[in-house]
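What follows is a set of notes on a single structure, which appears directly below.
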Amino acid sequence: MLVRIIVGTLIALLALAGLYFGGLFYVAMFALVFMLAVYDSRHYIEADGKRTFLVPVYVFAGLFGFVYYFSEHSFAYVAALALLCLTVSVVGQVIASRDNVPAAPYALLPYAYPLIPAVCLIVLRCGFPEEFAMTAASVAVLAPLGGDTLAFFGGRLFGKHRFFPHISPKKTVEGAISGMLGGTIVGLCLYFLQPLWGGPFALWALLLLGLLCGALGQFGDLFASCLKRGAGLKDFSGYIPGHGGTLDRIDSVLLCAPVILAICLLVT
């Protein structure tokens with residue numbers, strides 16, 4: 001438990017640093033995160049012996065943030081990179097398949113999960129005016145992480161009623177409610193912090209967005225549990241003490257980021 005808390009605190013501090021400094025620091029930090037998430041995805045994709053050609057996926061994960069940043073936030077260049085990598089993925093998988101033909105469709109799966117939500121995280125922080133982007137990206141990253149934390153402790157302390165036990169036997173309704181509360185608390189904290197960078201969000205908006213992320217984060221985590229259960233895995237990886245892998249840690253964020261981006265695009 002102590003290791004989990006210490007490591008979780010360090011992860012939160014790194015996330016805060018990336019969000020605060022933004023720019024190339026944010027892009028570089030999350031490029032590493034996305035590449036690790038692709039590495040984790042390989043474990044559930046190849047769990048039953050499938051062999052996939054994922055080199056272009058790693059290339060896209062590592063480069064698309066820099067392409068978006070240096071092209072002055074042009075989706076055209078990111079789309080061109082994505083199409084090129086997808087093409088190489090198809091050709092490479094056909095060549096590599098040989099006696100492993102059923103693996104072919106899975107070579108494209110990481111582009112959808114985790115990389116489409118990853119693109120949303122880059123756009124949220126780099127594609128809007130600084131004062132807006134800082135708050136919006138912070139909600140998308142910190143609210144689900146805060147929800148995860150409170151859901152964990154709320155479930156351990158008060159959990160009695162199972163929440164989707166066929167997917168994740170340890171999750172409880174009380175933990176899910178705690179997660180929603182955790183996301184809302186993060187939204188409240190951001191309201192009082194955002195004057196430091198001139199954030200424009202109203203209190204009610206941040207409370208609702210925090211609550212939304214706290215709720216969606218639960219389903220992001222459950223979706224990841226579906227993938228792990230289907231592959232017979234407890235965690236995607238084990239290199240983060242007490243947390244599994246990168247994909248285990250950001251699974252709730254991956255569901256929130258596209259929704260927060262969609263809302264931001266609609267209101268700006």
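Each chain in the structure tokens gets a letter, A, B, ..., in the order shown, and its residues are numbered from 1; ligands are numbered from 1 in order too.
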Identify, with DSSP run on backbone atoms, the residues in segment 42-184 of chain A assigned to alpha helix (DSSP H), and express the list as a PyMOL selection string. chain A and resi 42-45+55-70+75-97+109-110+116-126+130-158+173-184
Give me, as a Markdown table, the closest atom pair and its distance (Å, one decimal) for every residue of segment 82-153 of chain A within a cut-off of 12 Å of segment 3-27 of chain A, counting only C-alpha atoms, rows sorted by chain and rising number.
```
| residue | atom | partner | partner_atom | distance |
| --- | --- | --- | --- | --- |
| A:Ala118 | CA | A:Val27 | CA | 10.8 |
| A:Val119 | CA | A:Val27 | CA | 10.6 |
| A:Leu121 | CA | A:Val27 | CA | 9.7 |
| A:Ile122 | CA | A:Val27 | CA | 7.0 |
| A:Val123 | CA | A:Val27 | CA | 10.2 |
| A:Leu124 | CA | A:Leu19 | CA | 10.4 |
| A:Arg125 | CA | A:Gly22 | CA | 6.9 |
| A:Cys126 | CA | A:Gly23 | CA | 6.8 |
| A:Gly127 | CA | A:Gly23 | CA | 10.4 |
| A:Phe128 | CA | A:Gly22 | CA | 11.7 |
| A:Pro129 | CA | A:Gly22 | CA | 11.7 |
| A:Glu130 | CA | A:Gly22 | CA | 8.8 |
| A:Glu131 | CA | A:Tyr20 | CA | 10.7 |
| A:Ala133 | CA | A:Leu19 | CA | 9.2 |
| A:Met134 | CA | A:Leu19 | CA | 6.6 |
| A:Thr135 | CA | A:Leu19 | CA | 8.9 |
| A:Ala136 | CA | A:Leu19 | CA | 10.0 |
| A:Ala137 | CA | A:Leu19 | CA | 7.2 |
| A:Ser138 | CA | A:Leu19 | CA | 6.5 |
| A:Val139 | CA | A:Leu19 | CA | 10.3 |
| A:Ala140 | CA | A:Leu19 | CA | 10.6 |
| A:Val141 | CA | A:Ala15 | CA | 7.8 |
| A:Leu142 | CA | A:Ala15 | CA | 7.9 |
| A:Ala143 | CA | A:Ala12 | CA | 11.1 |
| A:Pro144 | CA | A:Ala12 | CA | 11.5 |
| A:Leu145 | CA | A:Ala12 | CA | 8.1 |
| A:Gly146 | CA | A:Ala12 | CA | 9.1 |
| A:Asp148 | CA | A:Gly8 | CA | 10.6 |
| A:Thr149 | CA | A:Gly8 | CA | 8.7 |
| A:Leu150 | CA | A:Ile5 | CA | 12.0 |
| A:Phe152 | CA | A:Ile5 | CA | 11.0 |
| A:Phe153 | CA | A:Ile5 | CA | 10.8 |
```
Please produce a file of the residues just selected, as a short mmCIF file (atom, residue, chain, number, x, y, z; two decimals), in the first residue's frame, where the atoms kept are N, CA and C atoms.
```
data_model
loop_
_atom_site.label_atom_id
_atom_site.label_comp_id
_atom_site.auth_asym_id
_atom_site.auth_seq_id
_atom_site.Cartn_x
_atom_site.Cartn_y
_atom_site.Cartn_z
N ALA A 118 -5.03 9.54 -27.06
CA ALA A 118 -3.75 10.22 -26.85
C ALA A 118 -3.66 11.49 -27.69
N VAL A 119 -4.13 11.42 -28.94
CA VAL A 119 -4.16 12.61 -29.79
C VAL A 119 -5.00 13.70 -29.14
N LEU A 121 -5.44 14.27 -26.00
CA LEU A 121 -4.69 14.89 -24.90
C LEU A 121 -3.71 15.93 -25.40
N ILE A 122 -3.07 15.66 -26.54
CA ILE A 122 -2.14 16.64 -27.11
C ILE A 122 -2.89 17.87 -27.60
N VAL A 123 -4.01 17.66 -28.29
CA VAL A 123 -4.78 18.78 -28.81
C VAL A 123 -5.33 19.64 -27.68
N LEU A 124 -5.78 19.01 -26.60
CA LEU A 124 -6.32 19.77 -25.47
C LEU A 124 -5.30 20.73 -24.89
N ARG A 125 -4.05 20.30 -24.78
CA ARG A 125 -3.04 21.15 -24.14
C ARG A 125 -2.35 22.10 -25.11
N CYS A 126 -2.26 21.72 -26.39
CA CYS A 126 -1.47 22.51 -27.34
C CYS A 126 -2.32 23.21 -28.40
N GLY A 127 -3.59 22.87 -28.51
CA GLY A 127 -4.40 23.40 -29.60
C GLY A 127 -5.35 24.51 -29.23
N PHE A 128 -5.31 24.98 -27.99
CA PHE A 128 -6.18 26.06 -27.54
C PHE A 128 -5.32 27.16 -26.92
N PRO A 129 -5.88 28.37 -26.74
CA PRO A 129 -5.14 29.41 -26.03
C PRO A 129 -4.66 28.92 -24.67
N GLU A 130 -3.50 29.39 -24.25
CA GLU A 130 -2.83 28.84 -23.07
C GLU A 130 -3.72 28.81 -21.83
N GLU A 131 -4.40 29.91 -21.54
CA GLU A 131 -5.19 29.97 -20.31
C GLU A 131 -6.36 28.98 -20.33
N ALA A 133 -6.37 26.15 -22.37
CA ALA A 133 -5.80 24.81 -22.53
C ALA A 133 -5.33 24.23 -21.20
N MET A 134 -4.72 25.08 -20.37
CA MET A 134 -4.19 24.61 -19.09
C MET A 134 -5.31 24.01 -18.23
N THR A 135 -6.43 24.71 -18.16
CA THR A 135 -7.55 24.21 -17.35
C THR A 135 -8.21 23.00 -17.99
N ALA A 136 -8.44 23.05 -19.29
CA ALA A 136 -9.12 21.96 -19.98
C ALA A 136 -8.32 20.66 -19.89
N ALA A 137 -7.02 20.74 -20.18
CA ALA A 137 -6.19 19.54 -20.12
C ALA A 137 -6.06 19.03 -18.70
N SER A 138 -6.02 19.94 -17.74
CA SER A 138 -5.92 19.53 -16.34
C SER A 138 -7.15 18.76 -15.90
N VAL A 139 -8.33 19.19 -16.34
CA VAL A 139 -9.56 18.45 -16.02
C VAL A 139 -9.49 17.04 -16.61
N ALA A 140 -9.07 16.96 -17.89
CA ALA A 140 -9.05 15.67 -18.58
C ALA A 140 -8.07 14.69 -17.96
N VAL A 141 -6.96 15.20 -17.42
CA VAL A 141 -5.93 14.32 -16.85
C VAL A 141 -6.13 14.12 -15.35
N LEU A 142 -6.31 15.21 -14.62
CA LEU A 142 -6.30 15.13 -13.16
C LEU A 142 -7.62 14.65 -12.57
N ALA A 143 -8.75 15.02 -13.18
CA ALA A 143 -10.05 14.60 -12.62
C ALA A 143 -10.21 13.08 -12.63
N PRO A 144 -9.93 12.39 -13.73
CA PRO A 144 -10.03 10.93 -13.67
C PRO A 144 -8.99 10.29 -12.76
N LEU A 145 -7.79 10.86 -12.70
CA LEU A 145 -6.78 10.33 -11.78
C LEU A 145 -7.21 10.53 -10.33
N GLY A 146 -7.77 11.71 -10.04
CA GLY A 146 -8.29 11.95 -8.70
C GLY A 146 -9.46 11.04 -8.39
N ASP A 148 -9.89 8.04 -9.68
CA ASP A 148 -9.30 6.72 -9.45
C ASP A 148 -8.83 6.57 -8.01
N THR A 149 -8.15 7.61 -7.53
CA THR A 149 -7.58 7.55 -6.18
C THR A 149 -8.66 7.43 -5.12
N LEU A 150 -9.68 8.30 -5.22
CA LEU A 150 -10.74 8.27 -4.22
C LEU A 150 -11.59 7.01 -4.36
N PHE A 152 -10.45 4.09 -5.20
CA PHE A 152 -9.68 3.01 -4.58
C PHE A 152 -9.86 3.00 -3.07
N PHE A 153 -9.67 4.17 -2.46
CA PHE A 153 -9.78 4.24 -1.01
C PHE A 153 -11.22 4.13 -0.54
#
```
Near-Tyr39 of chain A list (12 Å; only C-alpha atoms; drop same-chain fewer than 4 positions) as a list of chain:residue names: A:Leu32, A:Val33, A:Phe34, A:Met35, A:His43, A:Tyr44, A:Ile45, A:Glu46, A:Thr52, A:Phe53, A:Leu54, A:Val55, A:Val57, A:Tyr58, A:Val59, A:Ala61, A:Gly62, A:Pro110, A:Tyr113, A:Pro114, A:Leu115, A:Phe236, A:Ser237, A:Gly238, A:Tyr239, A:Gly245, A:Thr246, A:Leu247, A:Asp248
Same residues, N, CA and C atoms, saved as a JSON list (two decimals), in the first residue's frame:
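Result written to selection.json:
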```json
[["chain", "number", "residue", "atom", "x", "y", "z"],
["A", 32, "LEU", "N", 6.54, 9.73, -24.52],
["A", 32, "LEU", "CA", 7.04, 8.55, -23.80],
["A", 32, "LEU", "C", 5.88, 7.76, -23.20],
["A", 33, "VAL", "N", 4.92, 8.46, -22.61],
["A", 33, "VAL", "CA", 3.76, 7.79, -22.01],
["A", 33, "VAL", "C", 3.00, 6.99, -23.07],
["A", 34, "PHE", "N", 2.79, 7.58, -24.25],
["A", 34, "PHE", "CA", 2.02, 6.92, -25.29],
["A", 34, "PHE", "C", 2.76, 5.71, -25.83],
["A", 35, "MET", "N", 4.08, 5.81, -25.96],
["A", 35, "MET", "CA", 4.86, 4.66, -26.45],
["A", 35, "MET", "C", 4.82, 3.52, -25.44],
["A", 43, "HIS", "N", 0.61, -6.56, -24.88],
["A", 43, "HIS", "CA", 0.42, -7.72, -24.01],
["A", 43, "HIS", "C", -0.98, -8.29, -24.12],
["A", 44, "TYR", "N", -2.00, -7.44, -24.26],
["A", 44, "TYR", "CA", -3.35, -8.01, -24.39],
["A", 44, "TYR", "C", -3.63, -8.42, -25.84],
["A", 45, "ILE", "N", -2.98, -7.77, -26.79],
["A", 45, "ILE", "CA", -3.19, -8.14, -28.19],
["A", 45, "ILE", "C", -2.57, -9.50, -28.49],
["A", 46, "GLU", "N", -1.38, -9.75, -27.95],
["A", 46, "GLU", "CA", -0.63, -10.96, -28.28],
["A", 46, "GLU", "C", -0.75, -12.04, -27.20],
["A", 52, "THR", "N", 2.05, -9.45, -33.82],
["A", 52, "THR", "CA", 1.66, -8.26, -34.58],
["A", 52, "THR", "C", 2.87, -7.39, -34.88],
["A", 53, "PHE", "N", 2.78, -6.66, -35.99],
["A", 53, "PHE", "CA", 3.84, -5.75, -36.42],
["A", 53, "PHE", "C", 3.48, -4.35, -35.93],
["A", 54, "LEU", "N", 4.10, -3.94, -34.83],
["A", 54, "LEU", "CA", 3.70, -2.69, -34.17],
["A", 54, "LEU", "C", 4.72, -1.56, -34.30],
["A", 55, "VAL", "N", 5.78, -1.75, -35.08],
["A", 55, "VAL", "CA", 6.80, -0.71, -35.21],
["A", 55, "VAL", "C", 6.20, 0.62, -35.67],
["A", 57, "VAL", "N", 3.28, 1.75, -35.20],
["A", 57, "VAL", "CA", 2.45, 2.28, -34.11],
["A", 57, "VAL", "C", 3.32, 3.03, -33.11],
["A", 58, "TYR", "N", 4.47, 2.46, -32.77],
["A", 58, "TYR", "CA", 5.42, 3.14, -31.89],
["A", 58, "TYR", "C", 5.88, 4.46, -32.52],
["A", 59, "VAL", "N", 6.14, 4.42, -33.82],
["A", 59, "VAL", "CA", 6.60, 5.64, -34.52],
["A", 59, "VAL", "C", 5.53, 6.73, -34.42],
["A", 61, "ALA", "N", 3.08, 6.96, -32.20],
["A", 61, "ALA", "CA", 2.92, 7.37, -30.80],
["A", 61, "ALA", "C", 4.01, 8.34, -30.38],
["A", 62, "GLY", "N", 5.23, 8.12, -30.85],
["A", 62, "GLY", "CA", 6.33, 8.97, -30.44],
["A", 62, "GLY", "C", 6.43, 10.29, -31.19],
["A", 110, "PRO", "N", -4.11, -0.75, -31.79],
["A", 110, "PRO", "CA", -3.57, 0.31, -30.92],
["A", 110, "PRO", "C", -3.80, 1.73, -31.44],
["A", 113, "TYR", "N", -7.02, 2.37, -29.74],
["A", 113, "TYR", "CA", -6.86, 2.35, -28.28],
["A", 113, "TYR", "C", -5.47, 1.84, -27.97],
["A", 114, "PRO", "N", -4.56, 2.74, -27.54],
["A", 114, "PRO", "CA", -4.83, 4.00, -26.84],
["A", 114, "PRO", "C", -4.59, 5.29, -27.62],
["A", 115, "LEU", "N", -4.31, 5.25, -28.95],
["A", 115, "LEU", "CA", -3.73, 6.43, -29.58],
["A", 115, "LEU", "C", -4.73, 7.51, -29.99],
["A", 236, "PHE", "N", -1.68, -4.85, -17.36],
["A", 236, "PHE", "CA", -1.10, -4.79, -18.69],
["A", 236, "PHE", "C", 0.41, -5.01, -18.65],
["A", 237, "SER", "N", 1.06, -4.48, -17.60],
["A", 237, "SER", "CA", 2.50, -4.64, -17.40],
["A", 237, "SER", "C", 2.76, -4.60, -15.90],
["A", 238, "GLY", "N", 4.05, -4.61, -15.53],
["A", 238, "GLY", "CA", 4.38, -4.61, -14.11],
["A", 238, "GLY", "C", 5.55, -3.73, -13.75],
["A", 239, "TYR", "N", 5.92, -2.79, -14.63],
["A", 239, "TYR", "CA", 7.12, -1.98, -14.39],
["A", 239, "TYR", "C", 6.87, -0.76, -13.51],
["A", 245, "GLY", "N", 1.20, -1.15, -15.27],
["A", 245, "GLY", "CA", 1.89, -0.46, -16.35],
["A", 245, "GLY", "C", 1.27, 0.90, -16.63],
["A", 246, "THR", "N", 1.78, 1.57, -17.64],
["A", 246, "THR", "CA", 1.26, 2.89, -18.00],
["A", 246, "THR", "C", -0.21, 2.83, -18.38],
["A", 247, "LEU", "N", -0.58, 1.82, -19.15],
["A", 247, "LEU", "CA", -1.98, 1.71, -19.58],
["A", 247, "LEU", "C", -2.90, 1.43, -18.41],
["A", 248, "ASP", "N", -2.41, 0.71, -17.40],
["A", 248, "ASP", "CA", -3.20, 0.52, -16.18],
["A", 248, "ASP", "C", -3.45, 1.84, -15.47]]
```
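Our summary of the geometry notes that atom CA of Pro105 of chain A is positioned 18.7 Å from atom CA of Cys226 of chain A.
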Contacts of Ala47 of chain A within 10 Å, only C-alpha atoms, excl. fewer than 3 positions in-chain, as JSON, numbers by chain: {"A": [41, 42, 43, 44, 50, 51, 228, 230, 231, 232, 233]}
Can you spit out the residues from that selection as a PDB file, in the first residue's frame, using N, CA and C atoms?
```pdb
ATOM      1  N   SER A  41      -0.216  -2.329 -24.589  1.00  0.00           N
ATOM      2  CA  SER A  41      -1.304  -2.878 -25.403  1.00  0.00           C
ATOM      3  C   SER A  41      -0.869  -4.158 -26.110  1.00  0.00           C
ATOM      4  N   ARG A  42       0.413  -4.278 -26.390  1.00  0.00           N
ATOM      5  CA  ARG A  42       0.923  -5.479 -27.042  1.00  0.00           C
ATOM      6  C   ARG A  42       0.636  -6.723 -26.205  1.00  0.00           C
ATOM      7  N   HIS A  43       0.609  -6.565 -24.883  1.00  0.00           N
ATOM      8  CA  HIS A  43       0.420  -7.718 -24.012  1.00  0.00           C
ATOM      9  C   HIS A  43      -0.985  -8.294 -24.122  1.00  0.00           C
ATOM     10  N   TYR A  44      -2.003  -7.441 -24.261  1.00  0.00           N
ATOM     11  CA  TYR A  44      -3.347  -8.005 -24.391  1.00  0.00           C
ATOM     12  C   TYR A  44      -3.633  -8.416 -25.835  1.00  0.00           C
ATOM     13  N   LYS A  50      -0.855 -14.390 -30.780  1.00  0.00           N
ATOM     14  CA  LYS A  50      -0.838 -13.576 -31.988  1.00  0.00           C
ATOM     15  C   LYS A  50       0.463 -12.758 -32.032  1.00  0.00           C
ATOM     16  N   ARG A  51       1.027 -12.629 -33.228  1.00  0.00           N
ATOM     17  CA  ARG A  51       2.224 -11.820 -33.408  1.00  0.00           C
ATOM     18  C   ARG A  51       1.879 -10.649 -34.320  1.00  0.00           C
ATOM     19  N   LYS A 228      -8.174  -6.898 -20.208  1.00  0.00           N
ATOM     20  CA  LYS A 228      -7.276  -7.746 -19.422  1.00  0.00           C
ATOM     21  C   LYS A 228      -7.919  -9.092 -19.116  1.00  0.00           C
ATOM     22  N   GLY A 230     -10.200 -10.616 -20.856  1.00  0.00           N
ATOM     23  CA  GLY A 230     -10.245 -11.391 -22.087  1.00  0.00           C
ATOM     24  C   GLY A 230      -8.903 -11.998 -22.447  1.00  0.00           C
ATOM     25  N   ALA A 231      -7.821 -11.332 -22.043  1.00  0.00           N
ATOM     26  CA  ALA A 231      -6.480 -11.824 -22.346  1.00  0.00           C
ATOM     27  C   ALA A 231      -5.878 -12.631 -21.206  1.00  0.00           C
ATOM     28  N   GLY A 232      -6.617 -12.757 -20.097  1.00  0.00           N
ATOM     29  CA  GLY A 232      -6.110 -13.509 -18.952  1.00  0.00           C
ATOM     30  C   GLY A 232      -5.002 -12.798 -18.200  1.00  0.00           C
ATOM     31  N   LEU A 233      -5.055 -11.464 -18.184  1.00  0.00           N
ATOM     32  CA  LEU A 233      -4.015 -10.675 -17.525  1.00  0.00           C
ATOM     33  C   LEU A 233      -4.563 -10.014 -16.269  1.00  0.00           C
TER      34      LEU A 233
END
```
Name all residues at most 9 Å from Lys234 of chain A (count only C-alpha atoms; drop same-chain ones fewer than 5 positions away) and give them as a list of chain:residue names. A:Ser225, A:Lys228, A:Arg229, A:Gly244
Create the file for the chosen residues now, containing all heavy atoms and written as a PDB file, in the first residue's frame.
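Result file result-v1.pdb:
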```pdb
ATOM      1  N   SER A 225     -10.346  -3.351 -17.887  1.00  0.00           N
ATOM      2  CA  SER A 225     -10.506  -4.637 -17.205  1.00  0.00           C
ATOM      3  C   SER A 225     -11.073  -5.694 -18.150  1.00  0.00           C
ATOM      4  O   SER A 225     -10.699  -6.870 -18.068  1.00  0.00           O
ATOM      5  CB  SER A 225     -11.425  -4.481 -15.988  1.00  0.00           C
ATOM      6  OG  SER A 225     -10.833  -3.653 -15.008  1.00  0.00           O
ATOM      7  N   LYS A 228      -8.174  -6.898 -20.208  1.00  0.00           N
ATOM      8  CA  LYS A 228      -7.276  -7.746 -19.422  1.00  0.00           C
ATOM      9  C   LYS A 228      -7.919  -9.092 -19.116  1.00  0.00           C
ATOM     10  O   LYS A 228      -7.261 -10.141 -19.201  1.00  0.00           O
ATOM     11  CB  LYS A 228      -6.888  -7.020 -18.123  1.00  0.00           C
ATOM     12  CG  LYS A 228      -5.926  -5.859 -18.350  1.00  0.00           C
ATOM     13  CD  LYS A 228      -5.481  -5.210 -17.060  1.00  0.00           C
ATOM     14  CE  LYS A 228      -6.543  -4.301 -16.506  1.00  0.00           C
ATOM     15  NZ  LYS A 228      -6.035  -3.489 -15.362  1.00  0.00           N
ATOM     16  N   ARG A 229      -9.201  -9.077 -18.769  1.00  0.00           N
ATOM     17  CA  ARG A 229      -9.882 -10.336 -18.455  1.00  0.00           C
ATOM     18  C   ARG A 229      -9.941 -11.221 -19.697  1.00  0.00           C
ATOM     19  O   ARG A 229      -9.742 -12.442 -19.620  1.00  0.00           O
ATOM     20  CB  ARG A 229     -11.291 -10.045 -17.932  1.00  0.00           C
ATOM     21  CG  ARG A 229     -12.089 -11.288 -17.573  1.00  0.00           C
ATOM     22  CD  ARG A 229     -13.368 -10.916 -16.852  1.00  0.00           C
ATOM     23  NE  ARG A 229     -13.102 -10.468 -15.494  1.00  0.00           N
ATOM     24  CZ  ARG A 229     -12.981 -11.280 -14.438  1.00  0.00           C
ATOM     25  NH1 ARG A 229     -13.107 -12.587 -14.610  1.00  0.00           N
ATOM     26  NH2 ARG A 229     -12.752 -10.796 -13.257  1.00  0.00           N
ATOM     27  N   GLY A 244       1.036  -1.527 -11.909  1.00  0.00           N
ATOM     28  CA  GLY A 244       1.026  -2.287 -13.154  1.00  0.00           C
ATOM     29  C   GLY A 244       1.860  -1.604 -14.212  1.00  0.00           C
ATOM     30  O   GLY A 244       3.078  -1.485 -14.095  1.00  0.00           O
TER      31      GLY A 244
END
```
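In this model, the gap between atom CA of Gly147 of chain A and atom CA of Ala112 of chain A comes to 23.8 Å.
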Report as a list in words all protein, DNA and RNA residues lying within 10 Å of Gly155 of chain A, evaluated on only C-alpha atoms, omitting residues in the same chain fewer than 5 positions from it. Thr149, Leu150, Lys160, His161, Arg162, Lys170, Lys171, Thr172, Val173, Glu174, Gly175, Ala176, Ile177, Ser178 and Gly179 of chain A
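Between atom CA of Gly217 of chain A and atom CA of Gly183 of chain A lies a distance of 8.8 Å.
The shell of residues at most 9 Å from Ile185 of chain A, with only C-alpha atoms counted and near chain neighbours (fewer than 4 positions) removed, consists of Ala143, Gly146, Gly147, Met180, Leu181, Cys189, Leu190, Leu207, Gly210 and Leu211 of chain A.
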I need the chosen residues saved as a short mmCIF file (atom, residue, chain, number, x, y, z; two decimals), in the first residue's frame, with C-alpha atoms.
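New file out-v8.cif:
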```
data_model
loop_
_atom_site.label_atom_id
_atom_site.label_comp_id
_atom_site.auth_asym_id
_atom_site.auth_seq_id
_atom_site.Cartn_x
_atom_site.Cartn_y
_atom_site.Cartn_z
CA ALA A 143 -10.05 14.60 -12.62
CA GLY A 146 -8.29 11.95 -8.70
CA GLY A 147 -11.41 9.88 -9.22
CA MET A 180 -17.26 10.68 -8.94
CA LEU A 181 -16.70 12.70 -5.78
CA CYS A 189 -9.59 22.70 -6.80
CA LEU A 190 -8.95 23.75 -10.40
CA LEU A 207 -17.73 20.90 -11.10
CA GLY A 210 -15.00 16.94 -12.82
CA LEU A 211 -18.09 14.90 -12.01
#
```
